[in-house]
Structure formats: structure tokens, C-alpha cells
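Trainee: Pasting my_file_21.cif here (mmCIF, C-alpha atoms and all ligand atoms; chains and numbers go by the auth columns):
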data_input
loop_
_atom_site.group_PDB
_atom_site.id
_atom_site.type_symbol
_atom_site.label_atom_id
_atom_site.label_comp_id
_atom_site.label_asym_id
_atom_site.label_seq_id
_atom_site.Cartn_x
_atom_site.Cartn_y
_atom_site.Cartn_z
_atom_site.B_iso_or_equiv
_atom_site.auth_seq_id
_atom_site.auth_asym_id
ATOM 1 C CA MET A 1 4.883 11.020 -22.502 0.00 1 A
ATOM 2 C CA MET A 2 5.742 8.614 -19.712 0.00 2 A
ATOM 3 C CA LYS A 3 2.813 6.749 -18.209 0.00 3 A
ATOM 4 C CA PRO A 4 2.130 8.001 -14.645 0.00 4 A
ATOM 5 C CA LEU A 5 3.213 5.530 -11.985 0.00 5 A
ATOM 6 C CA GLU A 6 -0.319 5.452 -10.525 0.00 6 A
ATOM 7 C CA ASP A 7 -1.644 4.041 -13.811 0.00 7 A
ATOM 8 C CA TYR A 8 0.371 0.851 -13.266 0.00 8 A
ATOM 9 C CA ILE A 9 -1.162 0.240 -9.829 0.00 9 A
ATOM 10 C CA ARG A 10 -4.402 -1.752 -9.802 0.00 10 A
ATOM 11 C CA THR A 11 -6.984 -0.901 -7.141 0.00 11 A
ATOM 12 C CA ILE A 12 -9.237 -3.642 -5.764 0.00 12 A
ATOM 13 C CA PRO A 13 -12.167 -2.243 -3.750 0.00 13 A
ATOM 14 C CA ASP A 14 -13.283 -4.082 -0.584 0.00 14 A
ATOM 15 C CA TYR A 15 -10.209 -6.378 -0.396 0.00 15 A
ATOM 16 C CA PRO A 16 -9.375 -8.027 1.975 0.00 16 A
ATOM 17 C CA LYS A 17 -12.432 -6.564 3.677 0.00 17 A
ATOM 18 C CA LYS A 18 -15.184 -4.054 3.035 0.00 18 A
ATOM 19 C CA GLY A 19 -14.087 -0.425 2.947 0.00 19 A
ATOM 20 C CA ILE A 20 -10.418 -1.127 2.077 0.00 20 A
ATOM 21 C CA MET A 21 -9.172 0.034 -1.319 0.00 21 A
ATOM 22 C CA PHE A 22 -6.380 -2.488 -1.897 0.00 22 A
ATOM 23 C CA ARG A 23 -3.501 -0.948 -3.878 0.00 23 A
ATOM 24 C CA ASP A 24 -2.095 -3.885 -5.802 0.00 24 A
ATOM 25 C CA VAL A 25 1.523 -3.388 -6.854 0.00 25 A
ATOM 26 C CA THR A 26 1.750 -6.742 -8.682 0.00 26 A
ATOM 27 C CA SER A 27 0.282 -5.024 -11.760 0.00 27 A
ATOM 28 C CA LEU A 28 3.222 -2.590 -11.582 0.00 28 A
ATOM 29 C CA TRP A 29 5.872 -5.252 -10.972 0.00 29 A
ATOM 30 C CA GLN A 30 4.772 -7.485 -13.850 0.00 30 A
ATOM 31 C CA ASP A 31 5.567 -4.642 -16.260 0.00 31 A
ATOM 32 C CA ALA A 32 9.304 -4.474 -17.069 0.00 32 A
ATOM 33 C CA GLN A 33 9.348 -0.675 -17.305 0.00 33 A
ATOM 34 C CA GLY A 34 7.159 -0.257 -14.262 0.00 34 A
ATOM 35 C CA PHE A 35 9.374 -2.445 -12.088 0.00 35 A
ATOM 36 C CA ARG A 36 12.606 -0.809 -13.262 0.00 36 A
ATOM 37 C CA ARG A 37 11.146 2.656 -12.739 0.00 37 A
ATOM 38 C CA VAL A 38 10.173 2.056 -9.125 0.00 38 A
ATOM 39 C CA ILE A 39 13.465 0.375 -8.231 0.00 39 A
ATOM 40 C CA ASP A 40 15.475 3.183 -9.858 0.00 40 A
ATOM 41 C CA ALA A 41 13.366 5.829 -8.108 0.00 41 A
ATOM 42 C CA LEU A 42 13.723 4.126 -4.717 0.00 42 A
ATOM 43 C CA VAL A 43 17.489 3.647 -5.144 0.00 43 A
ATOM 44 C CA HIS A 44 18.409 7.049 -6.575 0.00 44 A
ATOM 45 C CA PRO A 45 18.070 9.212 -3.412 0.00 45 A
ATOM 46 C CA PHE A 46 20.321 6.800 -1.484 0.00 46 A
ATOM 47 C CA ILE A 47 23.232 6.601 -3.911 0.00 47 A
ATOM 48 C CA GLY A 48 26.243 7.992 -2.062 0.00 48 A
ATOM 49 C CA GLU A 49 24.529 7.634 1.341 0.00 49 A
ATOM 50 C CA LYS A 50 26.271 5.326 3.749 0.00 50 A
ATOM 51 C CA ILE A 51 23.940 2.344 4.141 0.00 51 A
ATOM 52 C CA ASP A 52 24.877 -1.048 5.583 0.00 52 A
ATOM 53 C CA LYS A 53 21.599 -2.979 5.312 0.00 53 A
ATOM 54 C CA ILE A 54 18.253 -2.874 3.577 0.00 54 A
ATOM 55 C CA VAL A 55 15.458 -4.154 5.819 0.00 55 A
ATOM 56 C CA GLY A 56 12.526 -5.518 3.806 0.00 56 A
ATOM 57 C CA ILE A 57 9.129 -6.165 5.392 0.00 57 A
ATOM 58 C CA GLU A 58 7.301 -9.416 4.498 0.00 58 A
ATOM 59 C CA SER A 59 6.385 -9.963 1.835 0.00 59 A
ATOM 60 C CA ARG A 60 6.207 -7.198 -0.727 0.00 60 A
ATOM 61 C CA GLY A 61 9.125 -5.472 0.983 0.00 61 A
ATOM 62 C CA PHE A 62 11.247 -8.515 0.050 0.00 62 A
ATOM 63 C CA VAL A 63 10.770 -7.986 -3.681 0.00 63 A
ATOM 64 C CA LEU A 64 11.636 -4.289 -3.508 0.00 64 A
ATOM 65 C CA GLY A 65 14.288 -4.638 -0.821 0.00 65 A
ATOM 66 C CA GLY A 66 16.140 -7.411 -2.647 0.00 66 A
ATOM 67 C CA ALA A 67 16.418 -5.359 -5.825 0.00 67 A
ATOM 68 C CA ILE A 68 17.406 -2.195 -3.914 0.00 68 A
ATOM 69 C CA ALA A 69 20.053 -4.038 -1.855 0.00 69 A
ATOM 70 C CA HIS A 70 21.533 -5.460 -5.057 0.00 70 A
ATOM 71 C CA GLN A 71 21.646 -2.027 -6.703 0.00 71 A
ATOM 72 C CA LEU A 72 23.298 -0.416 -3.665 0.00 72 A
ATOM 73 C CA SER A 73 25.592 -3.433 -3.075 0.00 73 A
ATOM 74 C CA VAL A 74 24.538 -3.751 0.564 0.00 74 A
ATOM 75 C CA GLY A 75 23.137 -6.581 2.693 0.00 75 A
ATOM 76 C CA PHE A 76 19.465 -7.536 2.929 0.00 76 A
ATOM 77 C CA VAL A 77 17.561 -8.362 6.131 0.00 77 A
ATOM 78 C CA PRO A 78 14.034 -9.833 6.057 0.00 78 A
ATOM 79 C CA LEU A 79 11.501 -8.917 8.756 0.00 79 A
ATOM 80 C CA ARG A 80 9.043 -11.798 8.830 0.00 80 A
ATOM 81 C CA LYS A 81 5.699 -12.683 10.327 0.00 81 A
ATOM 82 C CA LYS A 82 5.764 -14.735 13.541 0.00 82 A
ATOM 83 C CA GLY A 83 7.328 -18.203 13.381 0.00 83 A
ATOM 84 C CA LYS A 84 8.868 -17.969 9.897 0.00 84 A
ATOM 85 C CA LEU A 85 12.504 -17.212 10.733 0.00 85 A
ATOM 86 C CA PRO A 86 14.567 -20.320 11.607 0.00 86 A
ATOM 87 C CA TYR A 87 17.112 -18.805 14.057 0.00 87 A
ATOM 88 C CA LYS A 88 16.672 -16.834 17.328 0.00 88 A
ATOM 89 C CA THR A 89 14.556 -13.723 16.895 0.00 89 A
ATOM 90 C CA TYR A 90 13.393 -10.472 18.454 0.00 90 A
ATOM 91 C CA SER A 91 9.619 -9.919 18.176 0.00 91 A
ATOM 92 C CA GLN A 92 7.480 -6.831 17.957 0.00 92 A
ATOM 93 C CA GLU A 93 3.690 -6.781 18.022 0.00 93 A
ATOM 94 C CA TYR A 94 1.875 -4.150 15.973 0.00 94 A
ATOM 95 C CA THR A 95 -1.576 -3.057 14.855 0.00 95 A
ATOM 96 C CA LEU A 96 -2.513 -3.231 11.175 0.00 96 A
ATOM 97 C CA GLU A 97 -5.120 -1.345 9.171 0.00 97 A
ATOM 98 C CA TYR A 98 -6.938 -4.700 9.380 0.00 98 A
ATOM 99 C CA GLY A 99 -5.935 -6.648 12.544 0.00 99 A
ATOM 100 C CA THR A 100 -2.805 -7.216 14.652 0.00 100 A
ATOM 101 C CA ASP A 101 0.357 -9.141 13.877 0.00 101 A
ATOM 102 C CA VAL A 102 3.920 -9.804 15.008 0.00 102 A
ATOM 103 C CA LEU A 103 7.113 -9.009 13.103 0.00 103 A
ATOM 104 C CA GLU A 104 10.343 -10.839 13.848 0.00 104 A
ATOM 105 C CA MET A 105 14.015 -10.251 13.069 0.00 105 A
ATOM 106 C CA HIS A 106 17.019 -12.528 13.549 0.00 106 A
ATOM 107 C CA ILE A 107 18.991 -11.377 16.602 0.00 107 A
ATOM 108 C CA ASP A 108 22.253 -11.136 14.613 0.00 108 A
ATOM 109 C CA ALA A 109 20.771 -9.479 11.492 0.00 109 A
ATOM 110 C CA ILE A 110 21.869 -5.932 12.348 0.00 110 A
ATOM 111 C CA GLU A 111 24.874 -4.866 14.385 0.00 111 A
ATOM 112 C CA LYS A 112 24.939 -1.904 16.754 0.00 112 A
ATOM 113 C CA GLY A 113 25.633 1.290 14.811 0.00 113 A
ATOM 114 C CA GLU A 114 24.755 -0.134 11.399 0.00 114 A
ATOM 115 C CA ARG A 115 22.913 2.211 9.050 0.00 115 A
ATOM 116 C CA VAL A 116 19.636 0.806 7.803 0.00 116 A
ATOM 117 C CA LEU A 117 17.010 1.628 5.161 0.00 117 A
ATOM 118 C CA ILE A 118 13.523 0.150 5.749 0.00 118 A
ATOM 119 C CA VAL A 119 11.552 -0.837 2.630 0.00 119 A
ATOM 120 C CA ASP A 120 7.916 -1.813 2.026 0.00 120 A
ATOM 121 C CA ASP A 121 5.399 -1.358 -0.777 0.00 121 A
ATOM 122 C CA LEU A 122 2.959 0.864 1.102 0.00 122 A
ATOM 123 C CA ILE A 123 2.553 2.855 4.311 0.00 123 A
ATOM 124 C CA ALA A 124 -0.952 3.209 5.733 0.00 124 A
ATOM 125 C CA THR A 125 -1.313 3.626 9.530 0.00 125 A
ATOM 126 C CA GLY A 126 2.432 3.160 9.933 0.00 126 A
ATOM 127 C CA GLY A 127 1.979 0.341 12.455 0.00 127 A
ATOM 128 C CA THR A 128 4.123 -2.073 10.428 0.00 128 A
ATOM 129 C CA ALA A 129 6.884 0.461 9.782 0.00 129 A
ATOM 130 C CA GLU A 130 6.880 1.472 13.466 0.00 130 A
ATOM 131 C CA ALA A 131 7.381 -2.183 14.467 0.00 131 A
ATOM 132 C CA ALA A 132 10.347 -2.331 12.081 0.00 132 A
ATOM 133 C CA VAL A 133 11.750 0.891 13.595 0.00 133 A
ATOM 134 C CA LYS A 134 11.446 -0.576 17.112 0.00 134 A
ATOM 135 C CA LEU A 135 13.195 -3.833 16.126 0.00 135 A
ATOM 136 C CA ILE A 136 16.093 -1.926 14.562 0.00 136 A
ATOM 137 C CA HIS A 137 16.399 0.476 17.506 0.00 137 A
ATOM 138 C CA GLN A 138 16.329 -2.501 19.897 0.00 138 A
ATOM 139 C CA VAL A 139 19.621 -3.753 18.427 0.00 139 A
ATOM 140 C CA GLY A 140 21.174 -0.257 18.215 0.00 140 A
ATOM 141 C CA GLY A 141 20.802 0.218 14.459 0.00 141 A
ATOM 142 C CA HIS A 142 20.551 3.698 12.945 0.00 142 A
ATOM 143 C CA ILE A 143 17.627 4.303 10.586 0.00 143 A
ATOM 144 C CA VAL A 144 18.750 6.292 7.544 0.00 144 A
ATOM 145 C CA GLY A 145 15.225 6.327 6.157 0.00 145 A
ATOM 146 C CA THR A 146 12.132 4.463 5.047 0.00 146 A
ATOM 147 C CA ALA A 147 11.132 3.921 1.417 0.00 147 A
ATOM 148 C CA PHE A 148 7.724 3.016 -0.015 0.00 148 A
ATOM 149 C CA ILE A 149 6.073 3.029 -3.406 0.00 149 A
ATOM 150 C CA ILE A 150 2.758 4.261 -1.967 0.00 150 A
ATOM 151 C CA ASP A 151 1.731 6.512 0.919 0.00 151 A
ATOM 152 C CA LEU A 152 -1.857 6.645 2.145 0.00 152 A
ATOM 153 C CA PRO A 153 -1.508 10.008 3.951 0.00 153 A
ATOM 154 C CA ASP A 154 -5.082 10.005 5.273 0.00 154 A
ATOM 155 C CA LEU A 155 -4.138 7.054 7.515 0.00 155 A
ATOM 156 C CA GLY A 156 -1.410 9.058 9.225 0.00 156 A
ATOM 157 C CA GLY A 157 1.553 6.660 8.998 0.00 157 A
ATOM 158 C CA SER A 158 3.914 9.010 7.169 0.00 158 A
ATOM 159 C CA GLU A 159 3.130 11.809 9.661 0.00 159 A
ATOM 160 C CA LYS A 160 3.811 9.397 12.523 0.00 160 A
ATOM 161 C CA LEU A 161 7.251 8.517 11.129 0.00 161 A
ATOM 162 C CA LYS A 162 8.085 12.177 10.521 0.00 162 A
ATOM 163 C CA ALA A 163 7.130 12.951 14.138 0.00 163 A
ATOM 164 C CA MET A 164 9.640 10.272 15.178 0.00 164 A
ATOM 165 C CA ASN A 165 12.289 12.034 13.049 0.00 165 A
ATOM 166 C CA ILE A 166 12.436 9.135 10.605 0.00 166 A
ATOM 167 C CA PRO A 167 12.874 10.336 7.000 0.00 167 A
ATOM 168 C CA ILE A 168 10.315 8.928 4.562 0.00 168 A
ATOM 169 C CA LEU A 169 10.391 8.543 0.787 0.00 169 A
ATOM 170 C CA ALA A 170 7.155 7.626 -1.016 0.00 170 A
ATOM 171 C CA LEU A 171 6.930 7.650 -4.810 0.00 171 A
ATOM 172 C CA THR A 172 3.199 8.312 -4.953 0.00 172 A
ATOM 173 C CA SER A 173 0.169 8.719 -2.718 0.00 173 A
ATOM 174 C CA PHE A 174 -3.532 7.896 -2.842 0.00 174 A
ATOM 175 C CA GLU A 175 -6.334 9.597 -0.955 0.00 175 A
ATOM 176 C CA GLY A 176 -8.575 7.625 1.394 0.00 176 A
ATOM 177 C CA HIS A 177 -8.183 4.108 2.791 0.00 177 A
HETATM 178 P P1 LIG B . 0.225 -0.092 8.021 0.00 201 A
HETATM 179 O O1 LIG B . 0.907 -0.895 9.064 0.00 201 A
HETATM 180 O O2 LIG B . -1.170 0.292 8.406 0.00 201 A
HETATM 181 O O3 LIG B . 1.055 1.099 7.578 0.00 201 A
HETATM 182 O O4 LIG B . 0.017 -1.034 6.768 0.00 201 A
HETATM 183 C C1 LIG B . 1.062 -1.284 5.889 0.00 201 A
HETATM 184 C C2 LIG B . 1.140 -2.715 5.469 0.00 201 A
HETATM 185 O O5 LIG B . -0.130 -3.258 5.147 0.00 201 A
HETATM 186 C C3 LIG B . 1.997 -2.844 4.235 0.00 201 A
HETATM 187 O O6 LIG B . 2.812 -4.019 4.356 0.00 201 A
HETATM 188 C C4 LIG B . 1.008 -2.952 3.104 0.00 201 A
HETATM 189 O O7 LIG B . 1.443 -3.875 2.158 0.00 201 A
HETATM 190 C C5 LIG B . -0.311 -3.398 3.744 0.00 201 A
HETATM 191 N N1 LIG B . -1.455 -2.540 3.388 0.00 201 A
HETATM 192 C C6 LIG B . -2.157 -1.742 4.236 0.00 201 A
HETATM 193 N N2 LIG B . -3.146 -1.097 3.621 0.00 201 A
HETATM 194 C C7 LIG B . -3.086 -1.468 2.324 0.00 201 A
HETATM 195 C C8 LIG B . -3.848 -1.116 1.143 0.00 201 A
HETATM 196 N N3 LIG B . -4.883 -0.244 1.195 0.00 201 A
HETATM 197 N N4 LIG B . -3.495 -1.679 -0.030 0.00 201 A
HETATM 198 C C9 LIG B . -2.445 -2.548 -0.082 0.00 201 A
HETATM 199 N N5 LIG B . -1.707 -2.924 0.973 0.00 201 A
HETATM 200 C C10 LIG B . -2.005 -2.396 2.166 0.00 201 A
#
Have the structure of the file written as C-alpha cells, please.
Mentor:
Amino acid sequence: MMKPLEDYIRTIPDYPKKGIMFRDVTSLWQDAQGFRRVIDALVHPFIGEKIDKIVGIESRGFVLGGAIAHQLSVGFVPLRKKGKLPYKTYSQEYTLEYGTDVLEMHIDAIEKGERVLIVDDLIATGGTAEAAVKLIHQVGGHIVGTAFIIDLPDLGGSEKLKAMNIPILALTSFEGH
């Protein structure tokens, strides 16, 4: 029988602060079968969909997004933390499960009307994904969907995206924080 996906994901209690159960996908990625399985599962629903760009959120969204963009033969756009992108950017502030931050995108990364898939490892409160949605909408991009390995439904992020009419794919979910 195939090992359940959840068994590849290591949980680190109280990281980076007390009360957070950190879902560590590096234990999944370092396993050849584990990595291939998640990439295949994240790509499969979008085969045949018209997609122009994969948007990956720093930094675990880069690993997934790069592999997905390659598989779908589409472009890749990184959304980065403040001050990391070298060219002119649009910025969006957002609230995290632990703190606040700013995401940035190059102003020419997505053209008006382009169809975009947003990728990250995990959705919790949805603050990060919402910032990505706002950046893409700001330049007139169309969001085909969002794709994550893990959903933490108790934190409400996936519900928030659904309420905004943004389709969401998550391969697995964990209860609690
Ligand atoms: P949020 O904006 O609250 O949806 O948080 C999502 C972002 O924070 C993602 O980029 C995740 O990698 C990271 N994150 C939030 N909570 C966790 C957690 N419990 N375990 C691992 N990563 C997390």
C-alpha cells in the first residue's frame, strides 16, 4: 500500500513560537517518491487548463512552483519578501499567523488578462495567499486557482479564498494550528 502523504510531513511543535505546530515539508521533498507524488498531484488537475504563469510564494512556493511550471511548460513568477526583487515592484502588506510582512512582485511579471495559478506549501489564515491575489488583481491577471500541499482549515484561509470565489486545491489537511 502507498504510504499516506501525511506520513512524509514532519511536525515540529512550538516552532517558530509556542503553540504553532510547524508542518515541515522538507521531510517530504527529500524523499524522491514523496516529491514526485506531490508535484504530480498538484499538476494533474491543471493539465489542459489554459494557464500562462505559475506564481510561487517565497520560499517554499518557489520549489513547488518551479517544478509545476516546468511540467505545465508555462512561465514562473516569484513573489518575494520586501527588498529582494531587483527591478521595480508592486507591494502588498499582509498579516501572518505569526507577525506581518510585505510581498512584492515585479511590475512586468504578469500582463493584463494572463491566467495565473498561485502556489505555496501551506495555507493557514490565508493572509499570504490573499496578498498574492491582490498583487495579481492589481495588474489585471486572472486567477485560475491556488494550489497547496497542506490546508489548515481551522485557521480559515481556505474558506476565505472560497468566499472570494478563488478555487483552491490542497492535497491534505491537518487539524489545529
Ligand atoms: P497564512 O498567511 O496564515 O495562510 O500562512 C501561510 C504561510 O505561512 C505559508 O507560506 C506557510 O509556509 C507558512 N506557515 C503558516 N503556518 C504554518 C505552519 N503551521 N507550518 C508551516 N508553515 C506555516
Trainee: Take the point (4.5, 0.0, 2.1) as written in the file and pick out every residue within 9 Å of it, counting all atoms listed in the file; give the list as a ChimeraX atom specification.
Mentor: /A:57,60-61,119-124,126,128-129,147-151,170
Trainee: Would you mind telling me which residue in A:Arg115, A:Leu96, A:Tyr90, A:Gly66 lies nearest to Lys134 of chain A when using only C-alpha atoms?
Mentor: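 Among the listed residues, A:Tyr90 lies closest to Lys134 of chain A.
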Trainee: Interatomic distance between atom CA of Phe174 of chain A and atom CA of Val102 of chain A?
Mentor: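 According to the coordinates, atom CA of Phe174 of chain A and atom CA of Val102 of chain A are separated by 26.2 Å.
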Trainee: Name the residues that the PyMOL selection byres (((chain A and resi 64) around 12) and not hetatm) pulls out of this structure, and write them as a PDB file with C-alpha atoms, keeping the file's coordinate frame.
Mentor:
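That gives us out-v2.pdb:
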ATOM      1  CA  VAL A  25       1.523  -3.388  -6.854  1.00  0.00           C
ATOM      2  CA  THR A  26       1.750  -6.742  -8.682  1.00  0.00           C
ATOM      3  CA  LEU A  28       3.222  -2.590 -11.582  1.00  0.00           C
ATOM      4  CA  TRP A  29       5.872  -5.252 -10.972  1.00  0.00           C
ATOM      5  CA  PHE A  35       9.374  -2.445 -12.088  1.00  0.00           C
ATOM      6  CA  ARG A  36      12.606  -0.809 -13.262  1.00  0.00           C
ATOM      7  CA  ARG A  37      11.146   2.656 -12.739  1.00  0.00           C
ATOM      8  CA  VAL A  38      10.173   2.056  -9.125  1.00  0.00           C
ATOM      9  CA  ILE A  39      13.465   0.375  -8.231  1.00  0.00           C
ATOM     10  CA  ASP A  40      15.475   3.183  -9.858  1.00  0.00           C
ATOM     11  CA  ALA A  41      13.366   5.829  -8.108  1.00  0.00           C
ATOM     12  CA  LEU A  42      13.723   4.126  -4.717  1.00  0.00           C
ATOM     13  CA  VAL A  43      17.489   3.647  -5.144  1.00  0.00           C
ATOM     14  CA  ILE A  54      18.253  -2.874   3.577  1.00  0.00           C
ATOM     15  CA  VAL A  55      15.458  -4.154   5.819  1.00  0.00           C
ATOM     16  CA  GLY A  56      12.526  -5.518   3.806  1.00  0.00           C
ATOM     17  CA  ILE A  57       9.129  -6.165   5.392  1.00  0.00           C
ATOM     18  CA  GLU A  58       7.301  -9.416   4.498  1.00  0.00           C
ATOM     19  CA  SER A  59       6.385  -9.963   1.835  1.00  0.00           C
ATOM     20  CA  ARG A  60       6.207  -7.198  -0.727  1.00  0.00           C
ATOM     21  CA  GLY A  61       9.125  -5.472   0.983  1.00  0.00           C
ATOM     22  CA  PHE A  62      11.247  -8.515   0.050  1.00  0.00           C
ATOM     23  CA  VAL A  63      10.770  -7.986  -3.681  1.00  0.00           C
ATOM     24  CA  GLY A  65      14.288  -4.638  -0.821  1.00  0.00           C
ATOM     25  CA  GLY A  66      16.140  -7.411  -2.647  1.00  0.00           C
ATOM     26  CA  ALA A  67      16.418  -5.359  -5.825  1.00  0.00           C
ATOM     27  CA  ILE A  68      17.406  -2.195  -3.914  1.00  0.00           C
ATOM     28  CA  ALA A  69      20.053  -4.038  -1.855  1.00  0.00           C
ATOM     29  CA  HIS A  70      21.533  -5.460  -5.057  1.00  0.00           C
ATOM     30  CA  GLN A  71      21.646  -2.027  -6.703  1.00  0.00           C
ATOM     31  CA  PHE A  76      19.465  -7.536   2.929  1.00  0.00           C
ATOM     32  CA  PRO A  78      14.034  -9.833   6.057  1.00  0.00           C
ATOM     33  CA  LEU A 117      17.010   1.628   5.161  1.00  0.00           C
ATOM     34  CA  ILE A 118      13.523   0.150   5.749  1.00  0.00           C
ATOM     35  CA  VAL A 119      11.552  -0.837   2.630  1.00  0.00           C
ATOM     36  CA  ASP A 120       7.916  -1.813   2.026  1.00  0.00           C
ATOM     37  CA  ASP A 121       5.399  -1.358  -0.777  1.00  0.00           C
ATOM     38  CA  LEU A 122       2.959   0.864   1.102  1.00  0.00           C
ATOM     39  CA  ALA A 147      11.132   3.921   1.417  1.00  0.00           C
ATOM     40  CA  PHE A 148       7.724   3.016  -0.015  1.00  0.00           C
ATOM     41  CA  ILE A 149       6.073   3.029  -3.406  1.00  0.00           C
TER      42      ILE A 149
END
Trainee: Which neighbours of Ile136 of chain A fall inside 10 Å, counting only C-alpha atoms, when residues of the same chain fewer than 5 positions from it are skipped, and could you give them as a PyMOL selection string?
Mentor: chain A and resi 55+90+105+109-112+114-116+118+130-131+141-143
Trainee: Would you write out, as a VMD selection string, every residue that the PyMOL selection byres (((chain A and resi 84) around 12) and not hetatm) captures in this file?
Mentor: chain A and resid 58 to 59 78 to 83 85 to 89 91 102 to 106
Trainee: Have segment 39-55 of chain A completed to N, CA, C and O atoms, please, and pass it along as a PDB file, keeping the file's coordinate frame.
Mentor:
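That gives us selection10.pdb:
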ATOM      1  N   ILE A  39      12.186   0.704  -8.886  1.00  0.00           N
ATOM      2  CA  ILE A  39      13.465   0.375  -8.231  1.00  0.00           C
ATOM      3  C   ILE A  39      14.442   1.538  -8.401  1.00  0.00           C
ATOM      4  O   ILE A  39      15.059   1.988  -7.423  1.00  0.00           O
ATOM      5  N   ASP A  40      14.562   2.053  -9.625  1.00  0.00           N
ATOM      6  CA  ASP A  40      15.475   3.183  -9.858  1.00  0.00           C
ATOM      7  C   ASP A  40      15.104   4.372  -8.972  1.00  0.00           C
ATOM      8  O   ASP A  40      15.977   5.015  -8.382  1.00  0.00           O
ATOM      9  N   ALA A  41      13.810   4.659  -8.885  1.00  0.00           N
ATOM     10  CA  ALA A  41      13.366   5.829  -8.108  1.00  0.00           C
ATOM     11  C   ALA A  41      13.585   5.637  -6.606  1.00  0.00           C
ATOM     12  O   ALA A  41      13.826   6.604  -5.881  1.00  0.00           O
ATOM     13  N   LEU A  42      13.510   4.385  -6.146  1.00  0.00           N
ATOM     14  CA  LEU A  42      13.723   4.126  -4.717  1.00  0.00           C
ATOM     15  C   LEU A  42      15.215   4.081  -4.377  1.00  0.00           C
ATOM     16  O   LEU A  42      15.605   4.361  -3.248  1.00  0.00           O
ATOM     17  N   VAL A  43      16.039   3.736  -5.372  1.00  0.00           N
ATOM     18  CA  VAL A  43      17.489   3.647  -5.144  1.00  0.00           C
ATOM     19  C   VAL A  43      18.144   5.027  -5.236  1.00  0.00           C
ATOM     20  O   VAL A  43      19.006   5.370  -4.425  1.00  0.00           O
ATOM     21  N   HIS A  44      17.710   5.815  -6.211  1.00  0.00           N
ATOM     22  CA  HIS A  44      18.409   7.049  -6.575  1.00  0.00           C
ATOM     23  C   HIS A  44      18.737   7.980  -5.392  1.00  0.00           C
ATOM     24  O   HIS A  44      19.877   8.419  -5.254  1.00  0.00           O
ATOM     25  N   PRO A  45      17.763   8.285  -4.509  1.00  0.00           N
ATOM     26  CA  PRO A  45      18.070   9.212  -3.412  1.00  0.00           C
ATOM     27  C   PRO A  45      19.126   8.685  -2.440  1.00  0.00           C
ATOM     28  O   PRO A  45      19.671   9.463  -1.657  1.00  0.00           O
ATOM     29  N   PHE A  46      19.411   7.388  -2.483  1.00  0.00           N
ATOM     30  CA  PHE A  46      20.321   6.800  -1.484  1.00  0.00           C
ATOM     31  C   PHE A  46      21.702   6.488  -2.047  1.00  0.00           C
ATOM     32  O   PHE A  46      22.562   5.983  -1.331  1.00  0.00           O
ATOM     33  N   ILE A  47      21.901   6.798  -3.331  1.00  0.00           N
ATOM     34  CA  ILE A  47      23.232   6.601  -3.911  1.00  0.00           C
ATOM     35  C   ILE A  47      24.171   7.600  -3.250  1.00  0.00           C
ATOM     36  O   ILE A  47      23.855   8.785  -3.154  1.00  0.00           O
ATOM     37  N   GLY A  48      25.291   7.105  -2.742  1.00  0.00           N
ATOM     38  CA  GLY A  48      26.243   7.992  -2.062  1.00  0.00           C
ATOM     39  C   GLY A  48      25.990   8.114  -0.567  1.00  0.00           C
ATOM     40  O   GLY A  48      26.816   8.646   0.159  1.00  0.00           O
ATOM     41  N   GLU A  49      24.807   7.663  -0.107  1.00  0.00           N
ATOM     42  CA  GLU A  49      24.529   7.634   1.341  1.00  0.00           C
ATOM     43  C   GLU A  49      25.227   6.411   1.920  1.00  0.00           C
ATOM     44  O   GLU A  49      25.279   5.373   1.260  1.00  0.00           O
ATOM     45  N   LYS A  50      25.681   6.511   3.144  1.00  0.00           N
ATOM     46  CA  LYS A  50      26.271   5.326   3.749  1.00  0.00           C
ATOM     47  C   LYS A  50      25.155   4.449   4.307  1.00  0.00           C
ATOM     48  O   LYS A  50      24.472   4.844   5.252  1.00  0.00           O
ATOM     49  N   ILE A  51      24.957   3.294   3.684  1.00  0.00           N
ATOM     50  CA  ILE A  51      23.940   2.344   4.141  1.00  0.00           C
ATOM     51  C   ILE A  51      24.600   0.971   4.277  1.00  0.00           C
ATOM     52  O   ILE A  51      25.375   0.561   3.406  1.00  0.00           O
ATOM     53  N   ASP A  52      24.312   0.290   5.379  1.00  0.00           N
ATOM     54  CA  ASP A  52      24.877  -1.048   5.583  1.00  0.00           C
ATOM     55  C   ASP A  52      23.885  -2.147   5.223  1.00  0.00           C
ATOM     56  O   ASP A  52      24.265  -3.206   4.729  1.00  0.00           O
ATOM     57  N   LYS A  53      22.595  -1.923   5.516  1.00  0.00           N
ATOM     58  CA  LYS A  53      21.599  -2.979   5.312  1.00  0.00           C
ATOM     59  C   LYS A  53      20.279  -2.386   4.814  1.00  0.00           C
ATOM     60  O   LYS A  53      19.852  -1.317   5.262  1.00  0.00           O
ATOM     61  N   ILE A  54      19.646  -3.139   3.930  1.00  0.00           N
ATOM     62  CA  ILE A  54      18.253  -2.874   3.577  1.00  0.00           C
ATOM     63  C   ILE A  54      17.412  -3.836   4.403  1.00  0.00           C
ATOM     64  O   ILE A  54      17.676  -5.046   4.426  1.00  0.00           O
ATOM     65  N   VAL A  55      16.396  -3.311   5.084  1.00  0.00           N
ATOM     66  CA  VAL A  55      15.458  -4.154   5.819  1.00  0.00           C
ATOM     67  C   VAL A  55      14.149  -4.176   5.039  1.00  0.00           C
ATOM     68  O   VAL A  55      13.518  -3.135   4.845  1.00  0.00           O
TER      69      VAL A  55
END
